[in-house]
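One file, run-v2.cif, carrying mmCIF, C-alpha atoms:
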data_start
loop_
_atom_site.label_atom_id
_atom_site.label_comp_id
_atom_site.auth_asym_id
_atom_site.auth_seq_id
_atom_site.Cartn_x
_atom_site.Cartn_y
_atom_site.Cartn_z
CA MET A 1 27.31 9.58 -8.68
CA LYS A 2 25.56 6.66 -7.14
CA VAL A 3 22.95 4.79 -9.11
CA GLU A 4 20.42 2.34 -7.79
CA ILE A 5 17.87 0.45 -9.86
CA LEU A 6 15.20 -1.28 -7.80
CA SER A 7 12.42 -3.55 -8.90
CA PRO A 8 9.72 -4.89 -6.58
CA GLU A 9 11.32 -8.32 -6.77
CA LYS A 10 14.96 -7.45 -6.37
CA SER A 11 17.56 -4.76 -6.72
CA LEU A 12 18.92 -4.80 -10.27
CA PHE A 13 21.89 -2.49 -10.05
CA VAL A 14 23.75 -0.66 -7.31
CA GLY A 15 26.95 1.20 -8.01
CA GLU A 16 28.83 4.19 -9.33
CA ALA A 17 28.24 5.66 -12.77
CA ASP A 18 28.99 8.89 -14.56
CA TYR A 19 26.07 8.97 -16.96
CA VAL A 20 22.53 7.64 -16.90
CA TYR A 21 20.18 7.65 -19.85
CA LEU A 22 16.45 7.49 -19.04
CA PRO A 23 13.36 7.03 -21.20
CA GLY A 24 11.41 9.83 -19.53
CA ALA A 25 7.64 10.01 -19.88
CA ASP A 26 7.95 13.34 -21.69
CA GLY A 27 11.02 12.46 -23.73
CA SER A 28 14.31 10.83 -22.93
CA LEU A 29 16.86 12.51 -20.71
CA GLY A 30 20.41 12.02 -19.59
CA ILE A 31 21.74 12.63 -16.11
CA LEU A 32 25.31 13.58 -15.37
CA ASN A 33 27.13 14.11 -12.13
CA ASN A 34 25.72 16.64 -9.66
CA HIS A 35 22.34 16.91 -11.27
CA ALA A 36 19.80 19.08 -9.45
CA PRO A 37 17.21 17.24 -7.33
CA MET A 38 14.49 15.91 -9.55
CA ILE A 39 11.54 13.55 -9.58
CA THR A 40 10.25 12.20 -12.84
CA THR A 41 8.45 9.24 -14.34
CA LEU A 42 9.51 6.83 -17.05
CA LYS A 43 7.80 5.14 -19.93
CA ALA A 44 8.68 1.70 -21.23
CA GLY A 45 12.16 1.63 -22.73
CA VAL A 46 15.81 1.05 -22.01
CA VAL A 47 17.76 2.57 -19.14
CA LYS A 48 21.45 2.89 -19.95
CA ILE A 49 24.10 3.31 -17.34
CA ARG A 50 27.67 4.26 -18.20
CA VAL A 51 29.84 2.86 -15.48
CA GLU A 52 32.94 4.90 -14.81
CA LYS A 53 35.31 2.56 -16.57
CA GLY A 54 33.51 3.32 -19.81
CA SER A 55 31.42 0.20 -20.15
CA GLU A 56 27.67 0.52 -20.53
CA GLN A 57 24.90 -1.50 -19.00
CA GLU A 58 21.35 -1.62 -20.26
CA PHE A 59 18.13 -2.42 -18.44
CA GLN A 60 14.73 -2.90 -19.96
CA VAL A 61 11.97 -1.19 -17.97
CA ASN A 62 8.20 -1.10 -18.31
CA GLY A 63 7.94 2.35 -16.83
CA GLY A 64 8.84 3.60 -13.40
CA THR A 65 9.78 6.51 -11.22
CA VAL A 66 13.11 8.27 -10.78
CA GLU A 67 14.41 10.40 -7.96
CA VAL A 68 17.65 12.35 -8.16
CA LEU A 69 18.88 13.68 -4.84
CA ASN A 70 22.32 14.51 -3.43
CA ASN A 71 24.12 13.03 -6.39
CA LYS A 72 22.23 9.79 -6.07
CA VAL A 73 19.87 8.42 -8.70
CA THR A 74 17.20 6.01 -7.57
CA ILE A 75 15.26 4.30 -10.31
CA LEU A 76 12.15 2.41 -9.31
CA ALA A 77 11.58 0.15 -12.28
CA GLU A 78 8.44 -1.76 -13.05
CA MET B 1 -4.87 -55.82 26.16
CA ALA B 2 -2.67 -58.81 25.64
CA GLY B 3 -4.48 -59.79 22.48
CA GLY B 4 -3.72 -56.45 20.82
CA LEU B 5 0.02 -57.02 20.44
CA LYS B 6 0.04 -57.08 16.68
CA GLU B 7 -2.46 -54.23 16.43
CA VAL B 8 -0.36 -52.04 18.67
CA ARG B 9 2.72 -52.83 16.63
CA ASN B 10 0.92 -51.82 13.45
CA ARG B 11 -0.20 -48.54 14.97
CA ILE B 12 3.33 -47.80 16.10
CA VAL B 13 4.63 -48.33 12.58
CA SER B 14 1.97 -46.10 11.03
CA ILE B 15 2.50 -43.32 13.55
CA GLN B 16 6.22 -43.50 12.99
CA SER B 17 5.81 -42.95 9.29
CA THR B 18 3.31 -40.15 9.86
CA ARG B 19 5.79 -38.47 12.14
CA GLN B 20 8.45 -38.78 9.50
CA ILE B 21 6.19 -37.04 7.01
CA THR B 22 5.21 -34.19 9.34
CA GLN B 23 8.83 -33.71 10.27
CA ALA B 24 9.87 -33.50 6.64
CA MET B 25 7.04 -31.07 5.90
CA LYS B 26 8.20 -28.91 8.77
CA MET B 27 11.72 -28.78 7.35
CA VAL B 28 10.44 -27.93 3.89
CA ALA B 29 8.20 -25.20 5.29
CA ALA B 30 11.13 -23.76 7.22
CA ALA B 31 13.23 -23.57 4.06
CA LYS B 32 10.39 -22.03 2.08
CA LEU B 33 9.70 -19.57 4.87
CA ARG B 34 13.23 -18.29 4.60
CA ARG B 35 12.82 -17.76 0.89
CA ALA B 36 9.46 -16.04 1.36
CA GLN B 37 10.95 -13.73 3.96
CA ASP B 38 13.81 -12.91 1.61
CA ALA B 39 11.29 -11.87 -1.01
CA ILE B 40 9.67 -9.50 1.47
CA THR B 41 13.04 -8.07 2.42
CA ARG B 42 13.96 -7.56 -1.22
CA MET B 43 10.76 -5.66 -1.88
CA ARG B 44 11.07 -3.38 1.13
CA PRO B 45 13.61 -0.81 -0.21
CA TYR B 46 11.45 -0.34 -3.30
CA ALA B 47 8.28 0.15 -1.28
CA GLN B 48 10.00 2.55 1.09
CA LYS B 49 11.47 4.66 -1.66
CA LEU B 50 8.15 4.81 -3.47
CA GLN B 51 6.42 5.93 -0.31
CA GLU B 52 9.13 8.53 0.24
CA ILE B 53 8.78 9.94 -3.26
CA LEU B 54 5.01 9.91 -2.99
CA SER B 55 5.04 11.87 0.24
CA ASN B 56 7.61 14.27 -1.22
CA VAL B 57 5.54 14.89 -4.30
CA SER B 58 2.18 15.13 -2.64
CA ALA B 59 3.42 17.14 0.36
CA SER B 60 1.53 20.24 -0.68
CA LEU B 61 -0.83 18.52 -3.04
CA ASP B 62 -4.24 17.32 -2.11
CA ALA B 63 -3.80 13.62 -2.79
CA SER B 64 -7.43 12.87 -2.14
CA GLU B 65 -8.51 14.09 -5.54
CA GLY B 66 -7.31 11.34 -7.83
CA VAL B 67 -9.61 8.87 -9.54
CA TYR B 68 -8.52 6.20 -7.10
CA SER B 69 -9.43 8.14 -3.97
CA VAL B 70 -13.04 9.01 -4.73
CA GLU B 71 -15.25 8.12 -1.79
CA ARG B 72 -18.56 6.98 -3.16
CA GLU B 73 -21.55 5.70 -1.29
CA VAL B 74 -20.70 2.04 -0.75
CA LYS B 75 -23.08 -0.20 -2.62
CA LYS B 76 -20.83 -2.77 -4.20
CA VAL B 77 -17.90 -4.24 -2.35
CA LEU B 78 -15.19 -6.53 -3.65
CA LEU B 79 -13.39 -8.66 -1.10
CA VAL B 80 -10.07 -10.07 -2.23
CA ALA B 81 -9.59 -13.29 -0.26
CA ILE B 82 -5.94 -14.26 -0.20
CA THR B 83 -5.26 -17.83 0.90
CA SER B 84 -2.79 -20.52 -0.04
CA ASN B 85 -2.98 -23.31 -2.57
CA ARG B 86 -2.42 -26.08 -0.05
CA GLY B 87 -3.75 -27.07 3.31
CA LEU B 88 -2.07 -28.62 6.34
CA CYS B 89 -1.23 -25.26 7.79
CA GLY B 90 -3.50 -24.95 10.79
CA GLY B 91 -6.17 -22.28 10.78
CA PHE B 92 -4.37 -20.25 8.15
CA ASN B 93 -6.89 -20.55 5.33
CA ASN B 94 -9.94 -20.91 7.51
CA ASN B 95 -9.25 -17.65 9.29
CA VAL B 96 -9.30 -15.75 6.02
CA ILE B 97 -12.43 -17.55 4.83
CA LYS B 98 -14.18 -16.92 8.12
CA GLU B 99 -13.24 -13.25 8.08
CA CYS B 100 -14.59 -12.93 4.53
CA ARG B 101 -17.87 -14.53 5.53
CA ARG B 102 -18.11 -12.24 8.53
CA LEU B 103 -17.43 -9.16 6.42
CA ALA B 104 -19.93 -10.25 3.79
CA ASN B 105 -22.67 -11.17 6.27
CA ASP B 106 -22.22 -8.51 8.93
CA THR B 107 -20.07 -5.52 8.03
CA TYR B 108 -21.31 -5.25 4.48
CA ALA B 109 -24.75 -6.77 5.03
CA GLY B 110 -27.30 -5.42 2.55
CA LYS B 111 -24.60 -4.41 0.08
CA GLU B 112 -23.68 -6.28 -3.01
CA VAL B 113 -20.61 -8.26 -2.09
CA HIS B 114 -18.36 -10.05 -4.54
CA ILE B 115 -15.35 -12.12 -3.60
CA LEU B 116 -12.23 -12.53 -5.67
CA SER B 117 -10.34 -15.65 -4.61
CA LEU B 118 -6.57 -15.64 -4.81
CA GLY B 119 -5.30 -19.06 -3.81
CA LYS B 120 -6.98 -22.41 -4.37
CA LYS B 121 -8.36 -22.76 -0.87
CA ALA B 122 -10.39 -19.57 -1.09
CA ASN B 123 -11.61 -20.63 -4.50
CA ASP B 124 -12.73 -24.00 -3.10
CA ALA B 125 -14.60 -22.25 -0.32
CA PHE B 126 -16.33 -19.55 -2.35
CA ARG B 127 -16.72 -21.14 -5.77
CA ARG B 128 -20.27 -22.28 -5.08
CA THR B 129 -21.42 -19.22 -3.15
CA PRO B 130 -23.44 -16.35 -4.58
CA TRP B 131 -20.47 -14.06 -3.91
CA ASN B 132 -18.31 -15.64 -6.57
CA LYS B 133 -19.04 -13.09 -9.26
CA ALA B 134 -15.80 -11.20 -9.70
CA LYS B 135 -15.08 -11.01 -13.41
CA GLY B 136 -12.35 -9.83 -15.70
CA PHE B 137 -9.39 -11.43 -13.96
CA GLY B 138 -8.79 -14.14 -16.53
CA ASP B 139 -9.88 -17.72 -16.15
CA THR B 140 -7.99 -18.69 -13.07
CA PRO B 141 -6.97 -15.75 -10.95
CA PHE B 142 -6.77 -18.06 -7.94
CA GLN B 143 -3.72 -19.75 -9.42
CA ILE B 144 -1.58 -16.68 -8.93
CA PHE B 145 0.47 -18.45 -6.28
CA ASP B 146 1.63 -21.08 -8.77
CA ASN B 147 4.11 -18.55 -9.97
CA LEU B 148 4.03 -15.40 -7.88
CA THR B 149 5.57 -12.52 -9.80
CA PHE B 150 5.11 -8.80 -9.66
CA GLU B 151 3.97 -8.84 -13.25
CA ALA B 152 1.05 -11.18 -12.56
CA THR B 153 0.15 -9.23 -9.43
CA SER B 154 0.30 -6.00 -11.33
CA LYS B 155 -2.25 -7.28 -13.83
CA VAL B 156 -4.71 -8.19 -11.10
CA ALA B 157 -4.16 -4.84 -9.40
CA GLN B 158 -4.69 -3.00 -12.68
CA THR B 159 -7.99 -4.81 -13.24
CA LEU B 160 -9.06 -3.93 -9.70
CA MET B 161 -8.25 -0.27 -10.32
CA ASP B 162 -10.03 -0.22 -13.68
CA GLN B 163 -13.14 -1.76 -12.16
CA PHE B 164 -13.07 0.73 -9.34
CA VAL B 165 -12.80 3.63 -11.74
CA ALA B 166 -15.59 2.16 -13.89
CA GLU B 167 -17.70 2.13 -10.70
CA ASP B 168 -18.16 -1.63 -10.82
CA TYR B 169 -17.12 -1.52 -7.19
CA ASP B 170 -17.19 1.26 -4.64
CA LYS B 171 -14.77 -0.38 -2.30
CA VAL B 172 -12.05 -3.01 -2.57
CA VAL B 173 -10.82 -4.77 0.57
CA LEU B 174 -7.91 -7.18 0.83
CA VAL B 175 -8.33 -9.99 3.35
CA TYR B 176 -5.07 -11.77 4.08
CA ASN B 177 -2.77 -13.10 6.76
CA GLN B 178 -0.25 -10.51 7.78
CA PHE B 179 3.15 -11.89 8.63
CA LYS B 180 4.28 -11.00 12.15
CA ASN B 181 6.79 -13.75 12.76
CA ALA B 182 7.16 -17.44 12.01
CA ALA B 183 4.60 -18.39 14.66
CA VAL B 184 2.18 -15.47 14.50
CA GLN B 185 -0.08 -14.49 11.62
CA VAL B 186 -2.79 -11.89 11.95
CA VAL B 187 -5.78 -11.78 9.63
CA GLN B 188 -6.05 -8.31 8.15
CA ALA B 189 -8.89 -6.66 6.28
CA GLU B 190 -7.12 -3.83 4.52
CA GLN B 191 -8.83 -1.29 2.34
CA MET B 192 -7.15 -1.01 -1.03
CA LEU B 193 -9.58 1.25 -2.88
CA PRO B 194 -10.45 4.02 -2.48
CA VAL B 195 -6.92 4.95 -1.49
CA VAL B 196 -6.57 5.67 2.19
CA SER B 197 -4.58 8.85 2.45
CA GLN B 198 -1.86 8.26 4.95
CA SER B 199 -1.34 10.82 7.64
CA GLU B 200 1.36 12.66 5.81
CA SER B 201 4.55 12.78 7.74
CA GLU B 202 6.24 16.04 6.88
CA SER B 203 9.08 15.02 4.60
CA THR B 204 12.24 15.89 6.45
CA ALA B 205 14.29 16.44 3.35
CA ASN B 206 12.51 19.50 2.10
CA ASN B 207 14.37 19.68 -1.16
CA GLU B 208 13.53 21.80 -4.09
CA TYR B 209 12.85 19.11 -6.62
CA ILE B 210 12.39 19.63 -10.30
CA PHE B 211 9.17 17.89 -11.21
CA GLU B 212 8.77 16.58 -14.67
CA PRO B 213 5.94 16.31 -15.68
CA SER B 214 3.88 18.27 -13.16
CA ARG B 215 3.38 17.12 -9.60
CA ALA B 216 -0.21 16.16 -10.22
CA GLU B 217 0.76 13.98 -13.14
CA ILE B 218 3.51 12.28 -11.20
CA VAL B 219 1.15 11.53 -8.34
CA GLU B 220 -1.30 10.13 -10.82
CA ARG B 221 1.35 7.75 -12.06
CA ILE B 222 2.79 6.80 -8.70
CA ILE B 223 -0.47 5.97 -6.98
CA PRO B 224 -1.33 3.01 -9.25
CA ASN B 225 2.18 1.78 -8.71
CA SER B 226 1.88 2.01 -4.96
CA LEU B 227 -1.43 0.14 -5.14
CA LYS B 228 0.25 -2.63 -7.08
CA ILE B 229 2.91 -2.74 -4.43
CA GLN B 230 0.23 -2.91 -1.75
CA LEU B 231 -1.32 -5.97 -3.38
CA PHE B 232 2.08 -7.53 -4.00
CA LYS B 233 3.03 -7.00 -0.39
CA ALA B 234 -0.21 -8.63 0.76
CA LEU B 235 0.53 -11.64 -1.44
CA LEU B 236 4.11 -11.94 -0.24
CA ASP B 237 2.98 -11.56 3.35
CA SER B 238 0.38 -14.24 2.88
CA ASN B 239 2.96 -16.51 1.30
CA ALA B 240 5.38 -16.11 4.20
CA SER B 241 2.54 -16.50 6.71
CA GLU B 242 1.49 -19.73 5.03
CA GLN B 243 4.92 -21.26 5.44
CA GLY B 244 5.11 -20.02 9.02
CA ALA B 245 1.70 -21.45 9.82
CA ARG B 246 2.57 -24.75 8.21
CA MET B 247 5.84 -24.93 10.09
CA THR B 248 4.05 -24.39 13.41
CA ALA B 249 1.29 -26.83 12.55
CA MET B 250 3.73 -29.53 11.47
CA HIS B 251 5.86 -28.96 14.53
CA LYS B 252 2.84 -29.56 16.73
CA ALA B 253 1.88 -32.63 14.72
CA THR B 254 5.37 -34.04 15.12
CA ASP B 255 5.29 -33.45 18.87
CA ASN B 256 1.89 -35.03 19.07
CA ALA B 257 3.09 -38.08 17.16
CA SER B 258 6.04 -38.43 19.53
CA ASP B 259 3.69 -38.36 22.53
CA LEU B 260 1.45 -40.98 20.97
CA LEU B 261 4.44 -43.15 20.14
CA ARG B 262 5.71 -43.03 23.71
CA ASP B 263 2.34 -44.11 25.10
CA LEU B 264 1.93 -46.84 22.52
CA LYS B 265 5.43 -48.22 23.09
CA LEU B 266 4.70 -48.39 26.81
CA SER B 267 1.49 -50.32 26.32
CA TYR B 268 3.18 -52.50 23.71
CA ASN B 269 5.92 -53.47 26.13
CA LYS B 270 3.38 -54.08 28.88
CA ALA B 271 1.39 -56.35 26.60
CA ARG B 272 4.55 -58.16 25.52
CA GLN B 273 5.61 -58.75 29.14
CA ALA B 274 2.14 -59.95 30.07
CA ALA B 275 2.28 -62.43 27.19
CA ILE B 276 5.68 -63.75 28.32
CA THR B 277 4.50 -64.06 31.92
CA ASN B 278 1.49 -66.00 30.72
CA GLU B 279 3.65 -68.35 28.73
CA ILE B 280 5.96 -69.04 31.68
CA LEU B 281 2.96 -69.68 33.91
CA GLU B 282 1.66 -72.19 31.41
CA ILE B 283 5.03 -74.01 31.19
CA VAL B 284 5.40 -74.07 34.95
CA GLY B 285 1.82 -75.29 35.30
CA GLY B 286 2.43 -78.03 32.74
CA ALA B 287 5.68 -79.16 34.40
CA GLU B 288 4.03 -79.29 37.81
CA ALA B 289 1.20 -81.37 36.41
CA LEU B 290 3.75 -83.89 35.07
CA ASN B 291 5.63 -84.02 38.39
CA GLY B 292 2.48 -84.26 40.41
#
Now that the file is in, can you turn its structure into structure tokens?
Amino acid sequence: MKVEILSPEKSLFVGEADYVYLPGADGSLGILNNHAPMITTLKAGVVKIRVEKGSEQEFQVNGGTVEVLNNKVTILAE
Amino acid sequence: MAGGLKEVRNRIVSIQSTRQITQAMKMVAAAKLRRAQDAITRMRPYAQKLQEILSNVSASLDASEGVYSVEREVKKVLLVAITSNRGLCGGFNNNVIKECRRLANDTYAGKEVHILSLGKKANDAFRRTPWNKAKGFGDTPFQIFDNLTFEATSKVAQTLMDQFVAEDYDKVVLVYNQFKNAAVQVVQAEQMLPVVSQSESESTANNEYIFEPSRAEIVERIIPNSLKIQLFKALLDSNASEQGARMTAMHKATDNASDLLRDLKLSYNKARQAAITNEILEIVGGAEALNG
């Protein structure tokens, strides 16, 4: 699936991944391929992205909003 | 005229160096303009997505119920005057200051008006006026342009929202230069609070989203964010407008200096020729007197 992390100042990450870990406002959640459409909010924490080769990338966020649609995850970080 | 040879030469030298400065400032402004425009472009996908999500979430929800959309009787108004830190950019700062004065004296006459200055020029203009009463933004909110980040903007926006909710203000209006293109800036008075509900365009992608937490809660969290973005966008716009205005102003100044130089050089050469002619006349006169 495609993952995009945007901040108001720049885009932090654009690319393919097979697993995304999110610090959801009501508890953390993981998103795998072909997740159902979803909109949720984040609290401060770490977003982890497992890129397909197996390496992981981490991003610190101060909260934000996430949309999952058509196998694409858009994270609006603060 | 002939006596002013040295004076004219001095003026030419000083205008030449002035032109050099205005030309350099124009170049610098052009470079900074590009950077400022890049910042706007980088923010746009974020703002668009946020708007998209917001309209998706609030499609069936009455968005006009949140704490930030309460329409109260307007008694206290906060104007946020967004200017630059530096001058030499034409009417850029003055337009904002004038618009603020007009709003305070006419549109919101009889109401309690406070002005929050963002940018040194607005602060200089309003510091000694009775409107300068906005509190709670730290010691020097006008220095936000020294290091313009979303984080700093977000703090100011949060304070604005808190004060609106606490009913310190019934209305918050942003006054800034909107960026049209490098040569055109338009002064905008944009209402920030209460939130203006946009005419909701029916979201085309009518997907069945899972909402977590509930829609209402998501809206409640997204709206502050979109307000922060609104302020950030105004600041970025103002920043780009400033560089555009300065570029235009410096371009005109450079042209003007070139015109002046041309005229001065002409009169300098005329004066020089007149002096030479005079000298020859004197020599000829002297020689004739000897021969005579």
request  = With a distance threshold of 12 Å and counting only C-alpha atoms, extract the residues of chain A near chain B and express them as a ChimeraX atom specification.
outcome  = /A:4-12,24-29,35-43,62-70,73-78
Translate the PyMOL selection byres ((chain A and resi 30) around 7), as applied to the file shown, into an explicit residue set as a PDB file with C-alpha atoms, keeping the file's coordinate frame.
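out_35.pdb, freshly written:
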ATOM      1  CA  TYR A  19      26.070   8.970 -16.960  1.00  0.00           C
ATOM      2  CA  VAL A  20      22.530   7.640 -16.900  1.00  0.00           C
ATOM      3  CA  TYR A  21      20.180   7.650 -19.850  1.00  0.00           C
ATOM      4  CA  LEU A  22      16.450   7.490 -19.040  1.00  0.00           C
ATOM      5  CA  LEU A  29      16.860  12.510 -20.710  1.00  0.00           C
ATOM      6  CA  ILE A  31      21.740  12.630 -16.110  1.00  0.00           C
ATOM      7  CA  LEU A  32      25.310  13.580 -15.370  1.00  0.00           C
TER       8      LEU A  32
END
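Across the structure, atom CA of Leu33 of chain B and atom CA of Thr248 of chain B are spaced 11.3 Å apart.
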request  = Determine the residue membership of the PyMOL selection byres ((chain B and resi 19) around 9) for the file above and supply it as a ChimeraX atom specification.
outcome  = /B:14-18,20-24,253-258
ask   = Could you name the residues that touch Glu58 of chain A at 8 Å or less, counting all atoms listed in the file, but leaving out those on the same chain fewer than 4 positions away, as a count of residues only?
value = 4
Grab all the atoms of segment 20-34 of chain A that the file lists, wrap them in a box along x, y and z, add 6 Å per side, and give me centre plus edge lengths in Å (one decimal) as JSON.
{"center_x": 17.4, "center_y": 11.8, "center_z": -16.7, "size_x": 31.5, "size_y": 21.6, "size_z": 26.1}
The PyMOL selection byres ((chain A and resi 60) around 6) on the file shown: which residues, as a PDB file with C-alpha atoms, in the frame of the given file?
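What ended up in part-v1.pdb:
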ATOM      1  CA  GLY A  45      12.160   1.630 -22.730  1.00  0.00           C
ATOM      2  CA  VAL A  46      15.810   1.050 -22.010  1.00  0.00           C
ATOM      3  CA  PHE A  59      18.130  -2.420 -18.440  1.00  0.00           C
ATOM      4  CA  VAL A  61      11.970  -1.190 -17.970  1.00  0.00           C
TER       5      VAL A  61
END
Determine, using only C-alpha atoms, which residues of segment 177-244 of chain B have any atom at most 12 Å from an atom of segment 116-122 of chain B, and tabulate each with its shortest atom pair and distance in Å to one decimal place, rows ordered by chain and then rising number, as a Markdown table.
| residue | atom | partner | partner_atom | distance |
| --- | --- | --- | --- | --- |
| B:Leu231 | CA | B:Leu118 | CA | 11.1 |
| B:Phe232 | CA | B:Leu118 | CA | 11.9 |
| B:Ala234 | CA | B:Leu118 | CA | 11.0 |
| B:Leu235 | CA | B:Leu118 | CA | 8.8 |
| B:Ser238 | CA | B:Gly119 | CA | 10.0 |
| B:Asn239 | CA | B:Gly119 | CA | 10.0 |
| B:Glu242 | CA | B:Gly119 | CA | 11.2 |
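Interatomic distance, atom CA of Thr140 of chain B to atom CA of Ala189 of chain B: 22.8 Å.
The space separating atom CA of Ala17 of chain A from atom CA of Gln48 of chain B comes to 23.1 Å.
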Quick one: residues within 10 Å of Val96 of chain B, only C-alpha atoms counted, chain neighbours fewer than 6 positions away excluded, as a short mmCIF file (atom, residue, chain, number, x, y, z; two decimals) with C-alpha atoms, in the coordinates of the input?
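Result saved to result_26.cif:
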data_model
loop_
_atom_site.label_atom_id
_atom_site.label_comp_id
_atom_site.auth_asym_id
_atom_site.auth_seq_id
_atom_site.Cartn_x
_atom_site.Cartn_y
_atom_site.Cartn_z
CA ALA B 81 -9.59 -13.29 -0.26
CA ILE B 82 -5.94 -14.26 -0.20
CA THR B 83 -5.26 -17.83 0.90
CA ARG B 102 -18.11 -12.24 8.53
CA LYS B 121 -8.36 -22.76 -0.87
CA ALA B 122 -10.39 -19.57 -1.09
CA VAL B 175 -8.33 -9.99 3.35
CA TYR B 176 -5.07 -11.77 4.08
CA ASN B 177 -2.77 -13.10 6.76
CA VAL B 186 -2.79 -11.89 11.95
CA VAL B 187 -5.78 -11.78 9.63
CA GLN B 188 -6.05 -8.31 8.15
CA ALA B 189 -8.89 -6.66 6.28
#
key: Contact residues around Lys171 of chain B with all atoms listed in the file at 7 Å, ignoring same-chain residues under 4 positions, as a list of chain:residue names   = B:Val74, B:Lys76, B:Val77, B:Leu78, B:Leu193, B:Pro194
